[in-house]
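Asker: Coordinates in structure32.txt, compact mmCIF, C-alpha atoms, are listed below.
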# COMPACT_ATOMS: atom_id res chain seq x y z
CA MET A 28 205.27 149.15 81.88
CA SER A 29 202.99 150.17 84.69
CA GLU A 30 205.66 151.24 87.14
CA ASP A 31 206.56 154.48 85.38
CA GLU A 32 203.14 156.06 85.66
CA ASN A 33 203.89 158.44 88.46
CA ASP A 34 207.10 157.66 90.22
CA ALA A 35 207.99 161.35 90.43
CA GLY A 36 210.35 161.18 93.35
CA GLY A 37 209.56 159.94 96.83
CA SER A 38 210.84 156.91 98.63
CA PHE A 39 209.64 153.41 97.93
CA GLU A 40 207.32 153.63 100.93
CA ASP A 41 205.71 156.82 99.60
CA ARG A 42 205.18 155.36 96.18
CA LEU A 43 203.82 152.14 97.67
CA ARG A 44 201.38 154.11 99.78
CA ALA A 45 200.28 156.18 96.79
CA ALA A 46 199.82 153.07 94.71
CA ARG A 47 197.79 151.39 97.43
CA VAL A 48 195.56 154.44 97.73
CA ARG A 49 195.17 154.55 93.96
CA GLN A 50 194.14 150.91 93.89
CA GLY A 51 191.69 151.47 96.71
CA ILE A 52 193.51 149.11 99.07
CA ASP A 53 194.20 151.88 101.57
CA VAL A 54 191.80 154.72 102.05
CA PRO A 55 193.31 158.13 102.79
CA ASP A 56 192.59 159.23 106.35
CA GLN A 57 190.39 162.20 105.53
CA ALA A 58 188.27 160.24 103.10
CA LYS A 59 187.88 157.43 105.59
CA ALA A 60 186.60 159.61 108.40
CA GLY A 61 184.48 161.96 106.35
CA SER A 62 182.76 159.84 103.80
CA ALA A 63 183.29 156.27 104.86
CA GLY A 64 180.81 154.01 103.20
CA MET A 65 180.79 156.12 100.09
CA ALA A 66 183.44 154.01 98.43
CA GLY A 67 182.88 154.21 94.72
CA GLY A 68 179.78 156.26 95.31
CA SER A 69 178.64 158.65 92.66
CA ALA A 70 176.89 161.97 93.07
CA LEU A 71 173.65 160.08 92.63
CA GLY A 72 174.60 157.72 95.42
CA LEU A 73 175.46 160.60 97.70
CA GLY A 74 172.19 162.33 96.90
CA LEU A 75 170.28 159.14 97.64
CA ARG A 76 172.06 158.74 100.96
CA VAL A 77 171.36 162.34 101.97
CA GLY A 78 167.68 161.87 101.13
CA VAL A 79 167.47 158.63 103.07
CA GLU A 80 169.15 160.22 106.11
CA LEU A 81 166.74 163.17 106.11
CA VAL A 82 163.66 161.04 105.69
CA SER A 83 164.62 158.37 108.21
CA ALA A 84 165.28 160.96 110.93
CA LEU A 85 161.88 162.50 110.26
CA VAL A 86 160.18 159.10 110.32
CA VAL A 87 161.73 158.23 113.67
CA ALA A 88 160.95 161.65 115.15
CA GLU A 89 157.35 161.58 114.01
CA ALA A 90 156.92 158.05 115.34
CA ILE A 91 158.18 159.19 118.75
CA GLY A 92 156.01 162.31 118.63
CA TRP A 93 152.91 160.36 117.69
CA ALA A 94 153.56 157.79 120.41
CA LEU A 95 153.98 160.52 123.04
CA ASP A 96 150.78 162.18 121.86
CA HIS A 97 148.92 158.89 121.90
CA TRP A 98 150.11 158.27 125.44
CA LEU A 99 149.49 161.77 126.83
CA HIS A 100 146.39 162.57 124.72
CA THR A 101 147.88 165.80 123.40
CA LEU A 102 147.61 164.94 119.75
CA PRO A 103 149.14 167.70 117.70
CA LEU A 104 151.60 168.96 120.33
CA PHE A 105 154.48 166.46 120.28
CA LEU A 106 153.93 165.71 116.61
CA VAL A 107 154.75 169.36 115.87
CA ILE A 108 157.66 169.53 118.31
CA PHE A 109 159.22 166.37 116.97
CA LEU A 110 158.69 167.50 113.38
CA VAL A 111 161.18 170.30 114.09
CA LEU A 112 163.49 168.04 116.09
CA GLY A 113 163.37 165.37 113.39
CA GLY A 114 164.29 167.89 110.72
CA ALA A 115 167.20 169.07 112.85
CA ALA A 116 168.32 165.49 113.47
CA GLY A 117 168.14 164.79 109.76
CA LEU A 118 170.32 167.81 109.04
CA ALA A 119 172.72 166.66 111.76
CA ASN A 120 172.92 163.27 110.05
CA VAL A 121 173.61 164.92 106.70
CA TRP A 122 176.25 167.15 108.28
CA ARG A 123 177.98 164.08 109.68
CA LEU A 124 177.84 162.52 106.24
CA VAL A 125 179.19 165.36 104.12
CA GLY A 126 180.64 167.79 106.65
CA PRO A 127 184.30 168.12 107.58
CA ALA A 128 185.93 164.94 108.81
CA ARG A 129 185.46 164.42 112.51
CA ARG A 130 188.45 163.38 114.53
CA GLN A 131 188.92 159.65 114.55
CA ALA A 132 190.85 157.58 117.01
CA MET B 2 157.10 154.26 94.62
CA PRO B 3 154.11 152.88 92.78
CA PRO B 4 155.17 152.09 89.23
CA ALA B 5 153.24 153.58 86.38
CA VAL B 6 150.63 151.03 85.47
CA GLU B 7 149.88 151.46 81.81
CA HIS B 8 147.40 149.61 79.72
CA SER B 9 148.40 148.94 76.20
CA SER B 10 146.63 146.37 74.12
CA GLY B 11 145.78 144.28 77.12
CA HIS B 12 149.25 144.29 78.65
CA ALA B 13 150.01 146.02 81.88
CA ILE B 14 153.32 146.78 83.49
CA ASP B 15 153.32 144.66 86.58
CA ALA B 16 156.59 145.52 88.26
CA LEU B 17 155.76 144.69 91.84
CA SER B 18 154.37 141.16 91.73
CA GLN B 19 157.95 139.93 91.51
CA PHE B 20 158.28 140.76 95.20
CA ASN B 21 155.35 138.56 96.22
CA LEU B 22 156.20 135.77 98.58
CA VAL B 23 155.21 132.28 97.52
CA ALA B 24 154.73 129.64 100.16
CA LEU B 25 156.75 126.55 99.35
CA SER B 26 155.79 124.40 102.29
CA PRO B 27 153.32 125.54 104.89
CA MET B 28 154.46 124.73 108.39
CA GLY B 29 151.20 125.72 109.97
CA GLY B 30 150.11 129.08 111.29
CA VAL B 31 152.21 132.01 110.19
CA LEU B 32 155.33 129.88 109.94
CA THR B 33 155.69 129.41 106.23
CA PHE B 34 158.74 128.49 104.27
CA THR B 35 158.75 130.85 101.31
CA GLN B 36 161.06 131.26 98.34
CA ALA B 37 162.79 134.04 100.29
CA ASN B 38 163.76 131.57 102.99
CA LEU B 39 164.86 129.08 100.36
CA LEU B 40 167.12 131.71 98.78
CA MET B 41 168.54 132.58 102.21
CA VAL B 42 169.41 128.94 102.73
CA ILE B 43 170.97 128.71 99.27
CA GLY B 44 172.95 131.93 99.79
CA SER B 45 174.29 130.77 103.14
CA ALA B 46 175.17 127.38 101.68
CA LEU B 47 177.03 129.04 98.80
CA VAL B 48 179.11 131.16 101.19
CA LEU B 49 179.90 128.15 103.34
CA ALA B 50 180.81 126.15 100.24
CA LEU B 51 183.06 128.94 98.98
CA LEU B 52 184.88 129.10 102.29
CA TYR B 53 185.07 125.33 102.72
CA PHE B 54 186.26 124.45 99.24
CA GLY B 55 188.28 127.66 99.03
CA SER B 56 190.28 126.98 102.16
CA ARG B 57 190.67 123.23 101.73
CA PRO B 58 193.54 123.20 99.24
CA SER B 59 195.55 125.80 101.23
CA ALA B 60 198.02 126.01 98.36
CA VAL B 61 200.86 128.52 98.45
CA VAL B 62 199.81 129.71 95.00
CA PRO B 63 196.03 129.87 95.35
CA GLY B 64 193.66 128.70 92.68
CA ARG B 65 190.67 130.77 91.67
CA LEU B 66 188.38 129.49 94.41
CA GLN B 67 191.02 129.82 97.08
CA ALA B 68 191.89 133.32 95.86
CA ALA B 69 188.23 134.33 96.06
CA ALA B 70 187.91 132.97 99.58
CA GLU B 71 191.14 134.66 100.72
CA LEU B 72 190.23 137.95 99.06
CA SER B 73 186.85 138.03 100.76
CA TYR B 74 188.45 137.24 104.10
CA ASP B 75 191.06 139.96 103.61
CA LEU B 76 188.50 142.53 102.48
CA ILE B 77 186.36 142.18 105.60
CA TYR B 78 189.38 141.77 107.87
CA LYS B 79 190.84 145.05 106.61
CA MET B 80 187.47 146.75 106.82
CA THR B 81 186.94 145.80 110.45
CA SER B 82 190.47 146.55 111.61
CA ASP B 83 190.71 149.85 109.66
CA THR B 84 187.32 151.20 110.64
CA ILE B 85 186.85 149.95 114.19
CA GLY B 86 190.49 149.75 115.22
CA ALA B 87 192.37 146.96 116.91
CA GLU B 88 189.22 145.91 118.78
CA GLY B 89 187.56 145.36 115.41
CA ARG B 90 188.86 141.82 115.18
CA GLU B 91 186.30 140.74 117.79
CA PHE B 92 183.52 141.76 115.44
CA PHE B 93 185.06 140.21 112.33
CA PRO B 94 182.83 137.11 112.29
CA PHE B 95 179.72 139.23 112.67
CA ILE B 96 180.65 141.69 109.92
CA PHE B 97 181.73 138.85 107.64
CA THR B 98 178.43 137.03 108.07
CA LEU B 99 176.45 140.23 107.61
CA PHE B 100 178.33 141.25 104.46
CA PHE B 101 177.99 137.89 102.76
CA PHE B 102 174.37 137.40 103.73
CA VAL B 103 173.50 140.75 102.17
CA LEU B 104 175.81 140.23 99.18
CA MET B 105 174.34 136.81 98.43
CA GLY B 106 170.82 138.20 98.70
CA ASN B 107 171.64 140.98 96.26
CA LEU B 108 173.53 138.78 93.80
CA LEU B 109 171.21 135.77 93.83
CA GLY B 110 168.35 138.14 93.10
CA LEU B 111 169.96 138.93 89.75
CA VAL B 112 169.69 135.30 88.64
CA PRO B 113 166.62 134.89 86.42
CA PHE B 114 163.60 133.22 88.11
CA SER B 115 165.25 133.92 91.42
CA PHE B 116 164.14 136.16 94.23
CA THR B 117 165.84 139.02 96.07
CA TYR B 118 165.29 138.52 99.76
CA THR B 119 167.01 141.84 100.53
CA SER B 120 164.19 143.58 98.63
CA HIS B 121 161.90 143.03 101.60
CA ILE B 122 162.08 145.66 104.30
CA ALA B 123 161.21 142.99 106.85
CA VAL B 124 164.57 141.35 106.10
CA THR B 125 166.67 144.51 105.95
CA ALA B 126 164.97 146.01 109.00
CA ALA B 127 165.60 142.82 110.97
CA LEU B 128 169.29 143.01 110.03
CA ALA B 129 169.47 146.72 110.90
CA VAL B 130 167.73 146.22 114.24
CA MET B 131 170.14 143.38 115.01
CA VAL B 132 173.04 145.73 114.23
CA ILE B 133 171.77 148.59 116.34
CA VAL B 134 170.94 146.34 119.30
CA LEU B 135 174.42 144.86 119.13
CA VAL B 136 175.99 148.33 118.90
CA THR B 137 174.03 149.56 121.91
CA ILE B 138 174.87 146.46 123.95
CA VAL B 139 178.56 146.81 123.07
CA ALA B 140 178.54 150.48 124.03
CA LEU B 141 176.76 149.80 127.32
CA ALA B 142 179.06 146.91 128.14
CA ARG B 143 182.20 148.90 127.40
CA HIS B 144 181.26 152.23 128.91
CA GLY B 145 178.39 151.55 131.28
CA LEU B 146 176.37 154.64 132.01
CA LYS B 147 179.01 156.81 130.36
CA PHE B 148 177.40 155.66 127.12
CA PHE B 149 174.67 158.23 127.66
CA THR B 150 177.17 161.09 127.38
CA TYR B 151 177.15 160.09 123.72
CA PHE B 152 173.88 161.98 123.40
CA PHE B 153 175.39 165.21 124.66
CA PRO B 154 178.64 166.25 122.99
CA ALA B 155 181.27 167.51 125.40
CA GLY B 156 181.72 171.26 125.31
CA ALA B 157 178.21 172.15 124.23
CA PRO B 158 176.46 174.77 126.36
CA VAL B 159 174.34 173.12 129.05
CA PHE B 160 171.27 175.26 128.39
CA LEU B 161 171.07 173.73 124.91
CA ALA B 162 170.72 170.24 126.39
CA PRO B 163 166.91 170.07 126.01
CA LEU B 164 167.43 170.67 122.30
CA ILE B 165 170.57 168.67 121.64
CA VAL B 166 169.69 165.52 123.57
CA PRO B 167 166.43 164.75 121.72
CA ILE B 168 168.09 165.52 118.40
CA GLU B 169 170.98 163.19 119.16
CA ILE B 170 168.61 160.46 120.33
CA ILE B 171 166.55 160.79 117.14
CA SER B 172 169.73 160.77 115.11
CA TYR B 173 170.84 157.60 116.88
CA LEU B 174 167.50 155.90 116.40
CA SER B 175 167.35 156.87 112.73
CA ARG B 176 170.43 154.76 112.01
CA PRO B 177 168.61 151.42 111.71
CA VAL B 178 165.88 153.11 109.70
CA SER B 179 168.26 154.62 107.16
CA LEU B 180 170.37 151.44 107.12
CA SER B 181 167.37 149.27 106.25
CA ILE B 182 165.67 151.71 103.88
CA ARG B 183 168.86 152.27 101.87
CA LEU B 184 169.38 148.59 101.10
CA PHE B 185 165.70 147.84 100.57
CA ALA B 186 165.11 150.87 98.32
CA ASN B 187 168.15 150.18 96.17
CA MET B 188 167.10 146.59 95.59
CA VAL B 189 163.45 147.37 94.91
CA ALA B 190 164.30 150.25 92.56
CA GLY B 191 166.70 148.10 90.55
CA HIS B 192 164.31 145.21 90.13
CA VAL B 193 161.36 147.46 89.32
CA MET B 194 163.45 149.00 86.54
CA PHE B 195 164.28 145.52 85.24
CA ALA B 196 160.61 144.62 85.17
CA VAL B 197 159.52 147.87 83.53
CA PHE B 198 162.08 147.70 80.73
CA ALA B 199 161.51 143.98 80.21
CA THR B 200 157.80 144.68 79.82
CA PHE B 201 158.65 147.37 77.27
CA VAL B 202 160.52 144.79 75.24
CA VAL B 203 157.56 142.42 75.20
CA MET B 204 154.99 145.14 74.54
CA MET B 205 156.94 146.75 71.69
CA GLY B 206 158.04 143.44 70.23
CA GLY B 207 154.50 142.19 70.03
CA HIS B 208 153.20 145.31 68.34
CA SER B 209 154.51 145.39 64.81
CA ILE B 210 157.64 144.86 62.76
CA ILE B 211 158.82 148.40 63.60
CA GLY B 212 158.16 147.77 67.25
CA ALA B 213 160.17 144.58 67.12
CA PHE B 214 163.21 146.53 65.93
CA ALA B 215 162.60 149.36 68.40
CA ALA B 216 162.42 146.81 71.20
CA ILE B 217 166.19 146.49 70.93
CA GLY B 218 166.36 149.81 72.81
CA PRO B 219 164.82 148.69 76.12
CA LEU B 220 166.60 145.35 75.75
CA ALA B 221 169.92 147.17 75.58
CA VAL B 222 168.90 149.22 78.60
CA ASN B 223 168.24 146.01 80.52
CA VAL B 224 171.65 144.63 79.58
CA ALA B 225 173.32 147.81 80.81
CA LEU B 226 171.11 147.74 83.87
CA MET B 227 172.33 144.24 84.71
CA GLY B 228 175.91 145.53 84.86
CA PHE B 229 174.82 148.46 86.98
CA GLU B 230 172.85 146.22 89.31
CA LEU B 231 175.87 143.97 89.79
CA LEU B 232 177.76 147.06 90.96
CA VAL B 233 174.88 148.15 93.19
CA ALA B 234 174.58 144.65 94.68
CA ALA B 235 178.22 144.63 95.77
CA LEU B 236 178.25 148.30 96.75
CA GLN B 237 175.15 148.10 98.92
CA ALA B 238 176.46 145.04 100.74
CA TYR B 239 179.73 146.91 101.29
CA VAL B 240 177.91 150.03 102.50
CA PHE B 241 175.81 147.97 104.89
CA ALA B 242 178.90 146.31 106.32
CA ILE B 243 181.03 149.45 106.59
CA LEU B 244 178.24 151.47 108.21
CA THR B 245 177.93 148.68 110.77
CA CYS B 246 181.69 149.03 111.31
CA ILE B 247 181.37 152.79 111.78
CA TYR B 248 178.57 152.37 114.31
CA LEU B 249 180.66 149.76 116.14
CA HIS B 250 183.59 152.19 116.09
CA ASP B 251 181.37 154.81 117.75
CA ALA B 252 180.23 152.22 120.29
CA VAL B 253 183.77 151.16 121.14
CA HIS B 254 185.31 154.62 121.25
CA LEU B 255 182.31 156.88 122.05
CA HIS B 256 183.78 159.42 119.61
I'd like the structure from this file rewritten - as structure tokens, please.
Answerer:
Amino acid sequence: MSEDENDAGGSFEDRLRAARVRQGIDVPDQAKAGSAGMAGGSALGLGLRVGVELVSALVVAEAIGWALDHWLHTLPLFLVIFLVLGGAAGLANVWRLVGPARRQA
Amino acid sequence: MPPAVEHSSGHAIDALSQFNLVALSPMGGVLTFTQANLLMVIGSALVLALLYFGSRPSAVVPGRLQAAAELSYDLIYKMTSDTIGAEGREFFPFIFTLFFFVLMGNLLGLVPFSFTYTSHIAVTAALAVMVIVLVTIVALARHGLKFFTYFFPAGAPVFLAPLIVPIEIISYLSRPVSLSIRLFANMVAGHVMFAVFATFVVMMGGHSIIGAFAAIGPLAVNVALMGFELLVAALQAYVFAILTCIYLHDAVHLH
């Protein structure tokens, strides 16, 4: 009863692969490289992840900037520099999350 | 995210006290055995029991317990070997432990009168730091000083190095932060919502006969929320484990 859902041609191997992908046993290559970890994730989940990535990069950058300032007594200087770098790193993180799949071994 | 504290006929929504640690047996100094530690012990014991009693029968046609144990083994085994590659098998015990520690924390927290130890950033941050230290050690052990080329992608113009290298280092260091915040925030948000809607039920139910009927609304929300939180509990444990796998893949292969 469940076999005739979409056996539109293709060898047994093809249909087996399609069925495994449909059941989530195998993940298609592109999906695996591009959005691994998003299994079953909704738009809300993706949005949450993007937000977390942006914020965490900024937090780390500002921590480094503040520490450098504290050490060198140049208070606003590195805080400002690392604000920009942290924003860029956050965007880089987001790009890695949602951008085109990077090549995987 | 401070929850809205409302005052209504003497009641107040107190959504955050559920995360307070309660000392069960003081061991002196700062070493205190709290309910979080107790739940960690229970969670670990449950996983060990599942694996012990699940693998003991070793029947050809598995029973329910054996099927659960074998499915969990297969899930993590496939995750490690698919994501990291053939070398992933070395990290299987680590990923398995990590996944089930987080999963048990998330799931046990849904039991009434229980406690979610993954809702404390101290716990999730400790796990994330452990992951990132392991990943860095693996990368250094496999590639030596070549590991540092990770921070400068091949083919990028050299004059951009002062810009790219700090960005890549920040990006690398933000991994444990995002890893820990994601799990912690998901757990806290879910349990705060439980508490807020449960308080609604009590507040409305105690108000009048109309309120008692209207209280069915937030009660229904909490029932639906329980299903959603079961999904989130499993999903967040899975995300934690697979992100660890991805970082280990980067460490093993350096892109």
Asker: Mind pulling up the distance from atom CA of Trp122 of chain A to atom CA of Arg183 of chain B?
Answerer: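 So the answer is 17.8 Å.
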Asker: Could you please give me, as an MDAnalysis selection string, the residues of protein, DNA or RNA lying at most 10 Å from (163.3, 168.5, 111.4) in the coordinate frame of the file, considering all atoms listed in the file?
Answerer: (chainID A and resid 81:82 84:86 88:89 107:119) or (chainID B and resid 168)
Asker: Produce a file of the selected residues containing C-alpha atoms, as an mmCIF file, in the frame of the given file.
Answerer:
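Below you can see out00.cif, which holds the result:
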data_model
loop_
_atom_site.group_PDB
_atom_site.id
_atom_site.type_symbol
_atom_site.label_atom_id
_atom_site.label_comp_id
_atom_site.auth_asym_id
_atom_site.auth_seq_id
_atom_site.Cartn_x
_atom_site.Cartn_y
_atom_site.Cartn_z
ATOM 1 C CA LEU A 81 166.740 163.170 106.110
ATOM 2 C CA VAL A 82 163.660 161.040 105.690
ATOM 3 C CA ALA A 84 165.280 160.960 110.930
ATOM 4 C CA LEU A 85 161.880 162.500 110.260
ATOM 5 C CA VAL A 86 160.180 159.100 110.320
ATOM 6 C CA ALA A 88 160.950 161.650 115.150
ATOM 7 C CA GLU A 89 157.350 161.580 114.010
ATOM 8 C CA VAL A 107 154.750 169.360 115.870
ATOM 9 C CA ILE A 108 157.660 169.530 118.310
ATOM 10 C CA PHE A 109 159.220 166.370 116.970
ATOM 11 C CA LEU A 110 158.690 167.500 113.380
ATOM 12 C CA VAL A 111 161.180 170.300 114.090
ATOM 13 C CA LEU A 112 163.490 168.040 116.090
ATOM 14 C CA GLY A 113 163.370 165.370 113.390
ATOM 15 C CA GLY A 114 164.290 167.890 110.720
ATOM 16 C CA ALA A 115 167.200 169.070 112.850
ATOM 17 C CA ALA A 116 168.320 165.490 113.470
ATOM 18 C CA GLY A 117 168.140 164.790 109.760
ATOM 19 C CA LEU A 118 170.320 167.810 109.040
ATOM 20 C CA ALA A 119 172.720 166.660 111.760
ATOM 21 C CA ILE B 168 168.090 165.520 118.400
#
Asker: Would you give me, as a PyMOL selection string, the residues of chain B that come within 10 Å of chain A, using only C-alpha atoms?
Answerer: chain B and resi 76+79-80+83-86+164-165+167-183+186-187+232-233+236-237+239-247+250-251+254-256
Asker: Selected residues, C-alpha atoms, written as a PDB file, keeping the file's coordinate frame, please.
Answerer:
ATOM      1  CA  LEU B  76     188.500 142.530 102.480  1.00  0.00           C
ATOM      2  CA  LYS B  79     190.840 145.050 106.610  1.00  0.00           C
ATOM      3  CA  MET B  80     187.470 146.750 106.820  1.00  0.00           C
ATOM      4  CA  ASP B  83     190.710 149.850 109.660  1.00  0.00           C
ATOM      5  CA  THR B  84     187.320 151.200 110.640  1.00  0.00           C
ATOM      6  CA  ILE B  85     186.850 149.950 114.190  1.00  0.00           C
ATOM      7  CA  GLY B  86     190.490 149.750 115.220  1.00  0.00           C
ATOM      8  CA  LEU B 164     167.430 170.670 122.300  1.00  0.00           C
ATOM      9  CA  ILE B 165     170.570 168.670 121.640  1.00  0.00           C
ATOM     10  CA  PRO B 167     166.430 164.750 121.720  1.00  0.00           C
ATOM     11  CA  ILE B 168     168.090 165.520 118.400  1.00  0.00           C
ATOM     12  CA  GLU B 169     170.980 163.190 119.160  1.00  0.00           C
ATOM     13  CA  ILE B 170     168.610 160.460 120.330  1.00  0.00           C
ATOM     14  CA  ILE B 171     166.550 160.790 117.140  1.00  0.00           C
ATOM     15  CA  SER B 172     169.730 160.770 115.110  1.00  0.00           C
ATOM     16  CA  TYR B 173     170.840 157.600 116.880  1.00  0.00           C
ATOM     17  CA  LEU B 174     167.500 155.900 116.400  1.00  0.00           C
ATOM     18  CA  SER B 175     167.350 156.870 112.730  1.00  0.00           C
ATOM     19  CA  ARG B 176     170.430 154.760 112.010  1.00  0.00           C
ATOM     20  CA  PRO B 177     168.610 151.420 111.710  1.00  0.00           C
ATOM     21  CA  VAL B 178     165.880 153.110 109.700  1.00  0.00           C
ATOM     22  CA  SER B 179     168.260 154.620 107.160  1.00  0.00           C
ATOM     23  CA  LEU B 180     170.370 151.440 107.120  1.00  0.00           C
ATOM     24  CA  SER B 181     167.370 149.270 106.250  1.00  0.00           C
ATOM     25  CA  ILE B 182     165.670 151.710 103.880  1.00  0.00           C
ATOM     26  CA  ARG B 183     168.860 152.270 101.870  1.00  0.00           C
ATOM     27  CA  ALA B 186     165.110 150.870  98.320  1.00  0.00           C
ATOM     28  CA  ASN B 187     168.150 150.180  96.170  1.00  0.00           C
ATOM     29  CA  LEU B 232     177.760 147.060  90.960  1.00  0.00           C
ATOM     30  CA  VAL B 233     174.880 148.150  93.190  1.00  0.00           C
ATOM     31  CA  LEU B 236     178.250 148.300  96.750  1.00  0.00           C
ATOM     32  CA  GLN B 237     175.150 148.100  98.920  1.00  0.00           C
ATOM     33  CA  TYR B 239     179.730 146.910 101.290  1.00  0.00           C
ATOM     34  CA  VAL B 240     177.910 150.030 102.500  1.00  0.00           C
ATOM     35  CA  PHE B 241     175.810 147.970 104.890  1.00  0.00           C
ATOM     36  CA  ALA B 242     178.900 146.310 106.320  1.00  0.00           C
ATOM     37  CA  ILE B 243     181.030 149.450 106.590  1.00  0.00           C
ATOM     38  CA  LEU B 244     178.240 151.470 108.210  1.00  0.00           C
ATOM     39  CA  THR B 245     177.930 148.680 110.770  1.00  0.00           C
ATOM     40  CA  CYS B 246     181.690 149.030 111.310  1.00  0.00           C
ATOM     41  CA  ILE B 247     181.370 152.790 111.780  1.00  0.00           C
ATOM     42  CA  HIS B 250     183.590 152.190 116.090  1.00  0.00           C
ATOM     43  CA  ASP B 251     181.370 154.810 117.750  1.00  0.00           C
ATOM     44  CA  HIS B 254     185.310 154.620 121.250  1.00  0.00           C
ATOM     45  CA  LEU B 255     182.310 156.880 122.050  1.00  0.00           C
ATOM     46  CA  HIS B 256     183.780 159.420 119.610  1.00  0.00           C
TER      47      HIS B 256
END
Asker: What is the distance, in Å and to one decimal place, between atom CA of Thr125 of chain B and atom CA of Val222 of chain B?
Answerer: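 Interatomic distance, atom CA of Thr125 of chain B to atom CA of Val222 of chain B: 27.8 Å.
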Asker: Quick one: pull the distance between atom CA of Phe152 of chain B and atom CA of Ile96 of chain B, Å, one decimal.
Answerer: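 A separation of 25.3 Å between them.
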Asker: Tell me which of B:Val139, B:Ala157, B:Phe195, B:Ala235 sits closest to Phe101 of chain B, counting all atoms listed in the file.
Answerer: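 Ranking B:Val139, B:Ala157, B:Phe195, B:Ala235 by distance to Phe101 of chain B, first place goes to B:Ala235.
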Asker: Using all atoms listed in the file, find the one residue out of B:Glu230, B:Glu88, B:Asp15, B:Glu71 that sits nearest to Arg57 of chain B.
Answerer: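 For Arg57 of chain B, the nearest of the candidates is B:Glu71.
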Asker: When you look at Gln67 of chain B with a cut-off of 8 Å (counting all atoms listed in the file), what residues show up, excluding the ones that are within fewer than 3 positions of it in the same chain? I need them as a ChimeraX atom specification.
Answerer: /B:54-56,58-59,63-64,70-71
Asker: Neighbours of segment 43-46 of chain B within 7 Å (all atoms listed in the file; same-chain residues fewer than 2 positions away dropped), as an mmCIF file with C-alpha atoms, in the frame of the given file?
Answerer:
data_model
loop_
_atom_site.group_PDB
_atom_site.id
_atom_site.type_symbol
_atom_site.label_atom_id
_atom_site.label_comp_id
_atom_site.auth_asym_id
_atom_site.auth_seq_id
_atom_site.Cartn_x
_atom_site.Cartn_y
_atom_site.Cartn_z
ATOM 1 C CA LEU B 39 164.860 129.080 100.360
ATOM 2 C CA LEU B 40 167.120 131.710 98.780
ATOM 3 C CA MET B 41 168.540 132.580 102.210
ATOM 4 C CA VAL B 48 179.110 131.160 101.190
ATOM 5 C CA LEU B 49 179.900 128.150 103.340
ATOM 6 C CA ALA B 50 180.810 126.150 100.240
ATOM 7 C CA PHE B 102 174.370 137.400 103.730
ATOM 8 C CA MET B 105 174.340 136.810 98.430
ATOM 9 C CA GLY B 106 170.820 138.200 98.700
#
Asker: If we count only C-alpha atoms, what is near Leu141 of chain B at a cut-off of 12 Å, once residues fewer than 4 positions away on the same chain are taken out, given as a list in words?
Answerer: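 Surrounding residues, per the criterion: Val134, Leu135, Val136, Thr137, Gly145, Leu146, Lys147, Phe148, Phe149, Thr150, Tyr151, Leu249, Asp251, Ala252, Val253, His254 and Leu255 of chain B.
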Asker: Reconstruct N, CA and C atoms of segment 70-81 of chain B from the incomplete input and present them as a CSV table (one decimal), in the coordinates of the input.
Answerer:
chain,number,residue,atom,x,y,z
B,70,ALA,N,188.2,133.1,98.2
B,70,ALA,CA,187.9,133.0,99.6
B,70,ALA,C,188.9,133.9,100.4
B,71,GLU,N,190.2,133.9,100.0
B,71,GLU,CA,191.1,134.7,100.7
B,71,GLU,C,190.9,136.1,100.5
B,72,LEU,N,190.5,136.5,99.3
B,72,LEU,CA,190.2,138.0,99.1
B,72,LEU,C,189.1,138.4,99.9
B,73,SER,N,188.0,137.6,100.0
B,73,SER,CA,186.8,138.0,100.8
B,73,SER,C,187.2,138.1,102.2
B,74,TYR,N,188.0,137.2,102.7
B,74,TYR,CA,188.4,137.2,104.1
B,74,TYR,C,189.2,138.5,104.3
B,75,ASP,N,190.2,138.8,103.4
B,75,ASP,CA,191.1,140.0,103.6
B,75,ASP,C,190.3,141.3,103.6
B,76,LEU,N,189.3,141.3,102.6
B,76,LEU,CA,188.5,142.5,102.5
B,76,LEU,C,187.8,142.9,103.8
B,77,ILE,N,187.1,141.9,104.4
B,77,ILE,CA,186.4,142.2,105.6
B,77,ILE,C,187.3,142.4,106.8
B,78,TYR,N,188.4,141.6,106.8
B,78,TYR,CA,189.4,141.8,107.9
B,78,TYR,C,189.9,143.2,107.9
B,79,LYS,N,190.3,143.7,106.7
B,79,LYS,CA,190.8,145.0,106.6
B,79,LYS,C,189.8,146.1,107.0
B,80,MET,N,188.5,145.8,106.5
B,80,MET,CA,187.5,146.8,106.8
B,80,MET,C,187.3,146.9,108.3
B,81,THR,N,187.2,145.7,109.0
B,81,THR,CA,186.9,145.8,110.4
B,81,THR,C,188.1,146.4,111.2
